>>> print(open('final-v6.cif').read())   # mmCIF, C-alpha atoms
data_my_file
#
loop_
_atom_site.label_atom_id
_atom_site.label_comp_id
_atom_site.auth_asym_id
_atom_site.auth_seq_id
_atom_site.Cartn_x
_atom_site.Cartn_y
_atom_site.Cartn_z
CA MET O 1 0.00 0.00 0.00
CA THR O 2 1.51 3.29 -1.07
CA GLN O 3 0.70 6.87 -0.13
CA ASP O 4 -0.12 8.70 -3.33
CA SER O 5 -2.81 10.89 -1.76
CA SER O 6 -0.43 13.45 -0.20
CA HIS O 7 2.24 13.85 -2.88
CA ASP O 8 2.95 17.36 -4.14
CA ARG O 9 0.62 19.07 -1.68
CA PRO O 10 1.33 22.49 -0.16
CA THR O 11 3.64 22.17 2.82
CA ASP O 12 1.61 24.57 5.00
CA LEU O 13 -1.43 22.26 5.17
CA HIS O 14 -2.58 20.84 8.50
CA ARG O 15 -0.79 17.48 8.71
CA VAL O 16 -2.80 14.41 9.71
CA VAL O 17 -0.80 11.30 10.56
CA VAL O 18 -2.35 7.87 11.15
CA LEU O 19 -0.28 5.61 13.38
CA VAL O 20 -0.94 2.02 12.32
CA ASP O 21 0.12 -0.92 14.47
CA GLU O 22 -0.04 -4.69 14.18
CA ASN O 23 -3.61 -6.04 13.93
CA SER O 24 -5.16 -2.61 13.41
CA ASN O 25 -8.65 -2.56 11.87
CA PRO O 26 -8.58 -1.71 8.16
CA PHE O 27 -12.06 -0.15 8.27
CA GLU O 28 -11.09 2.75 10.53
CA LEU O 29 -7.86 3.16 8.53
CA GLY O 30 -9.98 3.43 5.39
CA CYS O 31 -12.28 6.00 7.03
CA ALA O 32 -9.31 8.18 8.00
CA THR O 33 -7.81 7.91 4.51
CA GLU O 34 -11.12 8.71 2.81
CA ILE O 35 -11.76 11.84 4.87
CA PHE O 36 -8.28 13.26 5.42
CA GLY O 37 -6.14 11.67 2.69
CA LEU O 38 -7.95 12.10 -0.61
CA ARG O 39 -7.52 15.04 -2.95
CA ARG O 40 -10.50 17.39 -3.18
CA PRO O 41 -10.70 18.73 -6.75
CA GLU O 42 -14.40 19.46 -6.20
CA LEU O 43 -13.39 22.03 -3.57
CA GLY O 44 -10.70 23.67 -5.65
CA ARG O 45 -8.20 23.33 -2.81
CA GLU O 46 -6.64 20.75 -0.53
CA LEU O 47 -7.68 20.38 3.10
CA TYR O 48 -4.95 18.29 4.72
CA ASP O 49 -1.53 16.82 4.29
CA PHE O 50 -1.81 13.12 5.11
CA ALA O 51 0.56 10.33 6.00
CA LEU O 52 0.56 6.81 7.40
CA CYS O 53 3.25 5.58 9.74
CA SER O 54 4.03 2.38 11.59
CA PRO O 55 6.65 1.14 14.05
CA GLU O 56 7.57 -1.66 11.63
CA PRO O 57 8.34 -1.63 7.88
CA ARG O 58 5.79 -4.40 7.38
CA THR O 59 2.55 -4.33 9.38
CA VAL O 60 -0.06 -7.10 9.23
CA LEU O 61 -3.56 -5.72 9.76
CA ARG O 62 -6.47 -7.45 11.44
CA ASP O 63 -6.68 -11.23 10.91
CA GLY O 64 -3.97 -11.06 8.25
CA PHE O 65 -6.30 -9.86 5.49
CA PHE O 66 -4.05 -6.91 4.57
CA THR O 67 -0.36 -6.11 4.91
CA LEU O 68 0.81 -2.51 5.08
CA THR O 69 4.21 -1.62 3.62
CA GLY O 70 6.00 1.41 2.22
CA VAL O 71 4.86 3.87 4.91
CA ALA O 72 6.85 6.18 7.18
CA ASP O 73 8.30 5.16 10.52
CA LEU O 74 7.42 6.67 13.89
CA THR O 75 9.42 9.82 13.22
CA ALA O 76 6.44 11.01 11.13
CA VAL O 77 4.54 11.49 14.39
CA GLU O 78 6.85 14.37 15.26
CA GLN O 79 5.45 16.45 12.37
CA ALA O 80 1.78 15.68 13.04
CA ASP O 81 -0.74 18.43 13.76
CA THR O 82 -3.38 15.72 14.24
CA LEU O 83 -2.45 12.16 15.21
CA ILE O 84 -4.89 9.27 14.78
CA VAL O 85 -3.79 6.51 17.15
CA PRO O 86 -3.89 2.74 16.55
CA ASN O 87 -7.13 0.86 17.00
CA ARG O 88 -7.03 -2.90 17.49
CA PRO O 89 -9.57 -5.58 18.44
CA ASP O 90 -7.15 -7.24 20.88
CA ILE O 91 -7.78 -4.66 23.58
CA GLU O 92 -6.14 -6.69 26.35
CA VAL O 93 -2.78 -6.83 24.56
CA PRO O 94 -0.52 -3.93 25.67
CA ARG O 95 0.51 -1.49 22.98
CA ARG O 96 4.14 -1.23 22.00
CA PRO O 97 6.13 1.03 24.34
CA ALA O 98 7.45 2.95 21.32
CA VAL O 99 3.89 3.66 20.15
CA LEU O 100 2.77 4.84 23.59
CA ALA O 101 5.85 7.04 23.92
CA ALA O 102 5.13 8.61 20.51
CA VAL O 103 1.55 9.37 21.59
CA ARG O 104 2.77 10.98 24.82
CA ARG O 105 5.30 13.15 23.01
CA ALA O 106 2.66 14.26 20.50
CA HIS O 107 0.26 15.18 23.28
CA ALA O 108 2.97 17.12 25.12
CA ARG O 109 3.62 19.14 21.92
CA GLY O 110 -0.06 20.07 21.65
CA THR O 111 -0.89 17.71 18.79
CA ARG O 112 -4.60 16.97 18.43
CA LEU O 113 -5.28 13.28 19.14
CA LEU O 114 -8.03 11.12 17.62
CA GLY O 115 -8.94 7.67 18.86
CA LEU O 116 -11.22 5.62 16.64
CA CYS O 117 -13.04 2.69 18.27
CA SER O 118 -10.48 0.84 20.43
CA GLY O 119 -8.08 3.71 19.86
CA ALA O 120 -9.43 5.03 23.17
CA PHE O 121 -7.56 2.16 24.84
CA THR O 122 -4.33 3.34 23.21
CA LEU O 123 -4.88 6.88 24.45
CA ALA O 124 -5.76 5.71 27.95
CA GLU O 125 -2.79 3.33 28.08
CA ALA O 126 -0.53 6.22 27.07
CA GLY O 127 -1.88 8.14 30.07
CA VAL O 128 -3.26 11.13 28.16
CA LEU O 129 -6.94 10.47 28.99
CA SER O 130 -6.65 10.71 32.76
CA GLY O 131 -9.46 12.94 34.00
CA ARG O 132 -10.72 13.45 30.45
CA ARG O 133 -13.96 12.57 28.61
CA ALA O 134 -13.90 9.78 26.04
CA THR O 135 -15.98 7.09 24.39
CA ALA O 136 -15.34 3.62 23.01
CA HIS O 137 -17.41 0.86 21.46
CA TRP O 138 -20.27 -0.08 23.79
CA GLN O 139 -19.26 -3.76 23.95
CA TRP O 140 -15.96 -2.81 25.62
CA ALA O 141 -17.34 -0.25 28.07
CA ASP O 142 -17.11 -2.45 31.19
CA ARG O 143 -13.56 -3.55 30.44
CA PHE O 144 -12.51 0.01 29.67
CA ARG O 145 -13.90 1.28 32.99
CA ALA O 146 -12.21 -1.54 34.88
CA ARG O 147 -8.80 -0.75 33.37
CA PHE O 148 -9.05 3.03 33.31
CA PRO O 149 -11.33 4.21 36.16
CA ASP O 150 -9.88 7.73 36.01
CA VAL O 151 -11.31 8.33 32.50
CA HIS O 152 -14.83 9.75 32.22
CA LEU O 153 -16.23 7.20 29.74
CA GLU O 154 -19.43 8.07 27.85
CA PRO O 155 -20.35 4.69 26.35
CA ASP O 156 -23.68 5.55 24.68
CA VAL O 157 -22.57 8.32 22.29
CA LEU O 158 -21.16 8.30 18.77
CA PHE O 159 -18.14 10.44 19.57
CA VAL O 160 -16.73 12.78 22.19
CA ASP O 161 -14.98 16.06 21.39
CA ASP O 162 -12.91 17.00 24.44
CA GLY O 163 -10.96 19.75 22.72
CA ASP O 164 -7.53 18.41 21.82
CA ILE O 165 -8.55 14.76 22.30
CA LEU O 166 -11.44 13.28 20.34
CA THR O 167 -12.70 9.69 20.42
CA ALA O 168 -15.22 7.80 18.29
CA ALA O 169 -17.23 4.75 19.29
CA GLY O 170 -16.16 2.69 16.30
CA SER O 171 -17.06 1.58 12.78
CA ALA O 172 -19.34 4.17 11.12
CA ALA O 173 -18.83 6.57 14.05
CA ALA O 174 -15.29 7.05 12.71
CA LEU O 175 -16.87 8.76 9.70
CA ASP O 176 -19.04 10.90 11.98
CA LEU O 177 -16.02 12.04 13.98
CA GLY O 178 -13.95 12.64 10.83
CA LEU O 179 -16.64 14.87 9.33
CA HIS O 180 -16.99 16.65 12.67
CA VAL O 181 -13.26 17.42 12.56
CA VAL O 182 -13.54 18.71 8.97
CA ARG O 183 -16.48 20.85 10.05
CA ARG O 184 -14.47 22.17 13.01
CA ASP O 185 -11.45 22.91 10.83
CA HIS O 186 -13.07 24.18 7.63
CA GLY O 187 -16.74 24.91 8.33
CA ALA O 188 -20.10 23.35 7.54
CA GLU O 189 -20.01 24.09 3.80
CA VAL O 190 -16.77 22.18 3.26
CA ALA O 191 -17.88 19.33 5.54
CA ASN O 192 -21.09 19.02 3.54
CA ALA O 193 -19.09 18.80 0.30
CA VAL O 194 -16.92 16.05 1.77
CA SER O 195 -19.99 14.17 3.02
CA ARG O 196 -21.58 14.34 -0.44
CA ARG O 197 -18.54 12.63 -1.90
CA LEU O 198 -18.80 10.01 0.84
CA VAL O 199 -22.57 9.65 0.23
CA PHE O 200 -22.87 9.87 4.01
CA ALA O 201 -24.91 11.97 6.42
CA ALA O 202 -23.26 15.38 6.69
CA HIS O 203 -23.84 15.78 10.39
CA ARG O 204 -24.84 13.39 13.15
CA ASP O 205 -24.39 14.92 16.56
CA GLY O 206 -21.84 13.17 18.75
CA GLY O 207 -24.42 12.77 21.52
CA GLN O 208 -26.56 10.39 19.49
CA ARG O 209 -26.73 6.87 20.83
CA GLN O 210 -24.48 4.14 19.46
CA PHE O 211 -27.10 1.45 19.13
CA VAL O 212 -30.82 0.69 19.14
CA GLU O 213 -31.91 -0.99 22.37
CA ARG O 214 -35.19 -2.47 21.14
CA PRO O 215 -35.41 -5.38 18.66
CA LEU O 216 -35.91 -4.59 15.00
CA PRO O 217 -39.58 -4.72 13.97
CA ALA O 218 -40.78 -7.69 11.94
CA VAL O 219 -41.97 -5.29 9.22
CA PRO O 220 -39.56 -2.44 8.43
CA GLU O 221 -40.97 1.00 9.23
CA GLU O 222 -41.35 3.57 6.51
CA SER O 223 -38.20 5.58 5.88
CA LEU O 224 -38.04 9.10 7.27
CA ALA O 225 -36.14 10.34 4.19
CA ALA O 226 -39.13 12.10 2.60
CA LEU O 227 -40.07 13.81 5.87
CA LEU O 228 -36.52 14.98 6.46
CA ALA O 229 -36.29 16.44 2.96
CA TRP O 230 -39.64 18.19 3.45
CA ALA O 231 -38.54 19.67 6.77
CA ARG O 232 -35.15 20.85 5.45
CA GLU O 233 -36.94 22.96 2.85
CA ARG O 234 -38.99 24.66 5.59
CA LEU O 235 -36.44 25.38 8.31
CA ASP O 236 -37.26 29.09 8.12
CA GLN O 237 -40.81 28.29 9.20
CA PRO O 238 -41.93 27.63 12.81
CA LEU O 239 -41.79 23.86 12.49
CA THR O 240 -42.48 21.80 15.60
CA VAL O 241 -42.38 18.12 16.45
CA ALA O 242 -46.17 18.17 16.24
CA ASP O 243 -45.92 19.50 12.68
CA LEU O 244 -43.54 16.67 11.73
CA ALA O 245 -45.84 14.10 13.29
CA ALA O 246 -48.86 15.55 11.48
CA ARG O 247 -46.98 15.42 8.18
CA GLU O 248 -46.36 11.70 8.74
CA ALA O 249 -49.92 11.21 10.05
CA VAL O 250 -48.61 9.57 13.22
CA SER O 251 -48.58 10.45 16.88
CA ALA O 252 -45.68 12.36 18.40
CA ALA O 253 -44.75 9.23 20.36
CA THR O 254 -44.61 7.12 17.19
CA LEU O 255 -42.51 9.75 15.42
CA HIS O 256 -40.14 9.87 18.38
CA ARG O 257 -39.76 6.08 18.23
CA ARG O 258 -39.04 6.17 14.48
CA PHE O 259 -36.41 8.88 14.89
CA ARG O 260 -34.73 6.89 17.65
CA ALA O 261 -34.77 3.73 15.55
CA GLN O 262 -33.62 5.24 12.24
CA LEU O 263 -31.49 8.22 13.27
CA GLY O 264 -30.55 7.52 16.87
CA THR O 265 -31.84 10.91 18.03
CA THR O 266 -35.08 12.72 18.83
CA PRO O 267 -37.14 14.78 16.38
CA LEU O 268 -36.45 17.97 18.34
CA ALA O 269 -32.69 17.37 18.52
CA TRP O 270 -32.60 16.65 14.78
CA LEU O 271 -34.58 19.79 13.99
CA VAL O 272 -32.34 22.01 16.12
CA GLY O 273 -29.22 20.44 14.60
CA GLU O 274 -30.47 21.13 11.07
CA ARG O 275 -31.27 24.73 11.97
CA VAL O 276 -27.81 25.29 13.41
CA ALA O 277 -26.18 23.69 10.36
CA LEU O 278 -28.18 26.00 8.08
CA ALA O 279 -27.17 29.01 10.19
CA CYS O 280 -23.53 28.01 9.82
CA ARG O 281 -23.87 27.81 6.04
CA LEU O 282 -25.53 31.22 5.89
CA ILE O 283 -22.71 32.79 7.91
CA GLU O 284 -20.10 31.07 5.74
CA ARG O 285 -21.77 32.40 2.60
CA GLY O 286 -21.40 35.98 3.84
CA GLU O 287 -24.62 36.88 5.65
CA GLU O 288 -23.53 39.24 8.44
CA ARG O 289 -26.92 40.22 9.88
CA LEU O 290 -27.57 37.87 12.79
CA GLU O 291 -31.29 38.58 12.81
CA VAL O 292 -31.46 37.45 9.16
CA VAL O 293 -29.48 34.28 9.88
CA ALA O 294 -31.69 33.54 12.89
CA ARG O 295 -34.88 34.11 10.91
CA GLU O 296 -33.89 32.13 7.81
CA SER O 297 -32.58 29.20 9.85
CA GLY O 298 -35.67 29.11 12.07
CA LEU O 299 -33.72 29.86 15.26
CA GLY O 300 -35.90 32.91 15.84
CA THR O 301 -33.74 35.47 17.59
CA ALA O 302 -30.13 36.55 17.48
CA ALA O 303 -29.82 35.61 21.14
CA ASN O 304 -31.00 32.05 20.47
CA LEU O 305 -28.66 31.87 17.47
CA ARG O 306 -25.70 32.89 19.63
CA SER O 307 -26.60 30.34 22.29
CA ARG O 308 -27.15 27.44 19.89
CA LEU O 309 -24.09 28.20 17.78
CA ARG O 310 -21.81 28.43 20.80
CA ARG O 311 -23.20 25.18 22.18
CA GLU O 312 -22.72 23.39 18.84
CA THR O 313 -19.39 24.82 17.67
CA GLY O 314 -17.88 26.46 20.73
CA LEU O 315 -17.75 29.76 18.82
CA SER O 316 -19.75 32.96 18.85
CA PRO O 317 -21.25 34.04 15.49
CA SER O 318 -18.53 36.66 15.03
CA ALA O 319 -15.76 34.16 15.83
CA TYR O 320 -17.37 31.62 13.49
CA ARG O 321 -17.51 34.22 10.72
CA ARG O 322 -13.84 35.11 11.17
CA ARG O 323 -12.85 31.48 11.00
CA PHE O 324 -15.12 30.16 8.27
CA GLY O 325 -16.70 33.14 6.54
CA ARG O 326 -17.08 33.47 2.78
CA VAL O 327 -16.09 29.93 1.83
CA GLU O 328 -16.27 29.79 -1.97
CA LEU O 329 -16.70 26.38 -3.54
CA PRO O 330 -16.84 25.45 -7.22
CA ALA O 331 -20.41 25.38 -8.52
CA ALA O 332 -20.52 21.58 -8.80
CA ALA O 333 -19.76 21.13 -5.11
CA GLY O 334 -21.80 24.02 -3.79
CA THR O 335 -25.11 23.30 -5.48
#
>>> encode(input="final-v6.cif", output="structure tokens")
Amino acid sequence: MTQDSSHDRPTDLHRVVVLVDENSNPFELGCATEIFGLRRPELGRELYDFALCSPEPRTVLRDGFFTLTGVADLTAVEQADTLIVPNRPDIEVPRRPAVLAAVRRAHARGTRLLGLCSGAFTLAEAGVLSGRRATAHWQWADRFRARFPDVHLEPDVLFVDDGDILTAAGSAAALDLGLHVVRRDHGAEVANAVSRRLVFAAHRDGGQRQFVERPLPAVPEESLAALLAWARERLDQPLTVADLAAREAVSAATLHRRFRAQLGTTPLAWLVGERVALACRLIERGEERLEVVARESGLGTAANLRSRLRRETGLSPSAYRRRFGRVELPAAAGT
């Protein structure tokens, strides 16, 4: 496996390095490569410099299905702005001391750390999660707590953003966290363009649950896709959960159950998330009047806009505008 995705890129790009170790899962490696490693001609610019590294010149991935060669050694970690740590299914096997030392040095330098799935075990074993919030796959929650009682584990969420350390629950949640990072780095408009190329949901809030607790119904329920599309076209209107339920001709309780089953969230949380995402896009496209952004996104008032935007992004509207304002995408990606 070679690394063609980062050749000839500008040297001032944010550098993402994936540290791969023996028996790592290829799925999460693929997610990281897809989001951070591919060229983005549809955006007209590159987003990241990307590299893979490993402590060995030849690394056998999970169950021997793939072998990784031709990548950098651990010295690549020293140049990382974001480091994605190894994830492995054999969570009881200690990580290599050299890998843990590289993670500690990166953290001490201020490198942003991402743990995908069992990568949270790597971060905790390196000692950088002590007293911090994190998540991991729900099936390993009890064992994680037993080994690392000083970490504040949140086992029911898709991902946790704790500032300079972010963790994803595993599998598809790696895509959710990756798109969240792109959104944090480059804004909602760019994240939406990346998600379109992935053919994946542009934004699922990290607080959504990892799994459905009730059994699947014998007869599949009708998809919510048509309702979601209808609602997205009317975000500037005073839509309520009752309006969504009436559109589907079901009770509010039934709608709530369908949202939980199909989206892992509630109708109200989804509606607020869509409004905030629309507000972000309006700010990025140059709208400076907060009352207009609030009205067109359905958030009502500038005060509510400020509150919701800060809660979602950690930024005030003015700070968000300075960071992400006036993103111009080629027509094909921005339509």
>>> closest_residue(input="final-v6.cif", among="O:Val99, O:Arg105, O:Asn25, O:Val293", to="Thr67 in chain O", atoms="only C-alpha atoms")
O:Asn25
>>> atom_distance(input="final-v6.cif", atom1="CA of Ala226 in chain O", atom2="CA of Arg258 in chain O")
13.3 Å
>>> atom_distance(input="final-v6.cif", atom1="CA of Ser195 in chain O", atom2="CA of Phe27 in chain O")
17.2 Å
>>> resolve_selection(input="final-v6.cif", expression="the PyMOL selection byres ((chain O and resi 171-181) around 7)", output="list in words")
Phe27, Glu28, Cys31, Ile35, Leu116, Cys117, Leu158, Phe159, Ala168, Ala169, Gly170, Val182, Arg183, Arg184, Asp185, Ala191 and Arg204 of chain O
>>> atom_distance(input="final-v6.cif", atom1="CA of Ala80 in chain O", atom2="CA of Arg39 in chain O")
18.5 Å
>>> closest_residue(input="final-v6.cif", among="O:Thr254, O:Asn192, O:Asn87, O:Gln262", to="Ser223 in chain O", atoms="only C-alpha atoms")
O:Gln262
>>> residues_around(input="final-v6.cif", residues="range 128-136 of chain O", least_positions_apart="4", cutoff="7 Å", atoms="all atoms listed in the file", output="JSON, numbers by chain")
{"O": [104, 117, 118, 120, 123, 124, 140, 141, 150, 151, 152, 153, 154, 155, 159, 160, 162, 167, 168, 169, 170]}
>>> resolve_selection(input="final-v6.cif", expression="the PyMOL selection byres ((chain O and resi 295-312) around 10)", output="JSON, numbers by chain")
{"O": [205, 232, 234, 235, 236, 237, 238, 239, 271, 272, 273, 274, 275, 276, 277, 278, 279, 280, 281, 282, 289, 290, 291, 292, 293, 294, 313, 314, 315, 316, 317, 318, 319, 320]}
>>> residues_near_point(input="final-v6.cif", point="(6.0, 0.7, 7.6)", cutoff="7 Å", atoms="all atoms listed in the file", output="PDB file with C-alpha atoms, keeping the file's coordinate frame")
ATOM      1  CA  CYS O  53       3.250   5.580   9.740  1.00  0.00           C
ATOM      2  CA  SER O  54       4.030   2.380  11.590  1.00  0.00           C
ATOM      3  CA  PRO O  55       6.650   1.140  14.050  1.00  0.00           C
ATOM      4  CA  GLU O  56       7.570  -1.660  11.630  1.00  0.00           C
ATOM      5  CA  PRO O  57       8.340  -1.630   7.880  1.00  0.00           C
ATOM      6  CA  ARG O  58       5.790  -4.400   7.380  1.00  0.00           C
ATOM      7  CA  THR O  59       2.550  -4.330   9.380  1.00  0.00           C
ATOM      8  CA  LEU O  68       0.810  -2.510   5.080  1.00  0.00           C
ATOM      9  CA  THR O  69       4.210  -1.620   3.620  1.00  0.00           C
ATOM     10  CA  GLY O  70       6.000   1.410   2.220  1.00  0.00           C
ATOM     11  CA  VAL O  71       4.860   3.870   4.910  1.00  0.00           C
ATOM     12  CA  ALA O  72       6.850   6.180   7.180  1.00  0.00           C
ATOM     13  CA  ASP O  73       8.300   5.160  10.520  1.00  0.00           C
TER      14      ASP O  73
END
>>> closest_residue(input="final-v6.cif", among="O:Glu189, O:Glu233, O:Asp156, O:Glu248", to="Arg285 in chain O", atoms="only C-alpha atoms")
O:Glu189
>>> closest_residue(input="final-v6.cif", among="O:Leu114, O:Ala188, O:Phe66, O:Arg143", to="Asp161 in chain O", atoms="all atoms listed in the file")
O:Leu114
>>> axis_aligned_box(input="final-v6.cif", around="range 164-181 of chain O", padding_each_side="5 Å", output="AutoDock Vina command-line options")
--center_x -13.4 --center_y 10.0 --center_z 15.8 --size_x 21.8 --size_y 26.8 --size_z 23.0
>>> resolve_selection(input="final-v6.cif", expression="the PyMOL selection byres ((chain O and resi 107) around 12)", output="list in words")
Val77, Glu78, Ala80, Asp81, Thr82, Leu83, Ile84, Val85, Leu100, Ala101, Ala102, Val103, Arg104, Arg105, Ala106, Ala108, Arg109, Gly110, Thr111, Arg112, Leu113, Leu114, Leu123, Ala126, Gly127, Val128, Leu129, Asp164 and Ile165 of chain O
>>> write_last_selection(input="final-v6.cif", atoms="C-alpha atoms", output="PDB file, in the coordinates of the input")
ATOM      1  CA  VAL O  77       4.540  11.490  14.390  1.00  0.00           C
ATOM      2  CA  GLU O  78       6.850  14.370  15.260  1.00  0.00           C
ATOM      3  CA  ALA O  80       1.780  15.680  13.040  1.00  0.00           C
ATOM      4  CA  ASP O  81      -0.740  18.430  13.760  1.00  0.00           C
ATOM      5  CA  THR O  82      -3.380  15.720  14.240  1.00  0.00           C
ATOM      6  CA  LEU O  83      -2.450  12.160  15.210  1.00  0.00           C
ATOM      7  CA  ILE O  84      -4.890   9.270  14.780  1.00  0.00           C
ATOM      8  CA  VAL O  85      -3.790   6.510  17.150  1.00  0.00           C
ATOM      9  CA  LEU O 100       2.770   4.840  23.590  1.00  0.00           C
ATOM     10  CA  ALA O 101       5.850   7.040  23.920  1.00  0.00           C
ATOM     11  CA  ALA O 102       5.130   8.610  20.510  1.00  0.00           C
ATOM     12  CA  VAL O 103       1.550   9.370  21.590  1.00  0.00           C
ATOM     13  CA  ARG O 104       2.770  10.980  24.820  1.00  0.00           C
ATOM     14  CA  ARG O 105       5.300  13.150  23.010  1.00  0.00           C
ATOM     15  CA  ALA O 106       2.660  14.260  20.500  1.00  0.00           C
ATOM     16  CA  ALA O 108       2.970  17.120  25.120  1.00  0.00           C
ATOM     17  CA  ARG O 109       3.620  19.140  21.920  1.00  0.00           C
ATOM     18  CA  GLY O 110      -0.060  20.070  21.650  1.00  0.00           C
ATOM     19  CA  THR O 111      -0.890  17.710  18.790  1.00  0.00           C
ATOM     20  CA  ARG O 112      -4.600  16.970  18.430  1.00  0.00           C
ATOM     21  CA  LEU O 113      -5.280  13.280  19.140  1.00  0.00           C
ATOM     22  CA  LEU O 114      -8.030  11.120  17.620  1.00  0.00           C
ATOM     23  CA  LEU O 123      -4.880   6.880  24.450  1.00  0.00           C
ATOM     24  CA  ALA O 126      -0.530   6.220  27.070  1.00  0.00           C
ATOM     25  CA  GLY O 127      -1.880   8.140  30.070  1.00  0.00           C
ATOM     26  CA  VAL O 128      -3.260  11.130  28.160  1.00  0.00           C
ATOM     27  CA  LEU O 129      -6.940  10.470  28.990  1.00  0.00           C
ATOM     28  CA  ASP O 164      -7.530  18.410  21.820  1.00  0.00           C
ATOM     29  CA  ILE O 165      -8.550  14.760  22.300  1.00  0.00           C
TER      30      ILE O 165
END
>>> residues_around(input="final-v6.cif", residues="Leu268 in chain O", least_positions_apart="5", cutoff="12 Å", atoms="all atoms listed in the file", output="PDB file with C-alpha atoms, in the coordinates of the input")
ATOM      1  CA  ALA O 231     -38.540  19.670   6.770  1.00  0.00           C
ATOM      2  CA  LEU O 239     -41.790  23.860  12.490  1.00  0.00           C
ATOM      3  CA  THR O 240     -42.480  21.800  15.600  1.00  0.00           C
ATOM      4  CA  VAL O 241     -42.380  18.120  16.450  1.00  0.00           C
ATOM      5  CA  ALA O 242     -46.170  18.170  16.240  1.00  0.00           C
ATOM      6  CA  ASP O 243     -45.920  19.500  12.680  1.00  0.00           C
ATOM      7  CA  LEU O 244     -43.540  16.670  11.730  1.00  0.00           C
ATOM      8  CA  ALA O 245     -45.840  14.100  13.290  1.00  0.00           C
ATOM      9  CA  ALA O 252     -45.680  12.360  18.400  1.00  0.00           C
ATOM     10  CA  LEU O 255     -42.510   9.750  15.420  1.00  0.00           C
ATOM     11  CA  HIS O 256     -40.140   9.870  18.380  1.00  0.00           C
ATOM     12  CA  PHE O 259     -36.410   8.880  14.890  1.00  0.00           C
ATOM     13  CA  ARG O 260     -34.730   6.890  17.650  1.00  0.00           C
ATOM     14  CA  GLY O 273     -29.220  20.440  14.600  1.00  0.00           C
ATOM     15  CA  GLU O 274     -30.470  21.130  11.070  1.00  0.00           C
ATOM     16  CA  ARG O 275     -31.270  24.730  11.970  1.00  0.00           C
TER      17      ARG O 275
END
>>> closest_residue(input="final-v6.cif", among="O:Val157, O:Gly286, O:Pro97, O:Leu224", to="Ala261 in chain O", atoms="all atoms listed in the file")
O:Leu224
>>> residues_around(input="final-v6.cif", residues="Tyr48 in chain O", least_positions_apart="4", cutoff="8 Å", atoms="all atoms listed in the file", output="JSON, numbers by chain")
{"O": [13, 14, 15, 16, 36, 37]}
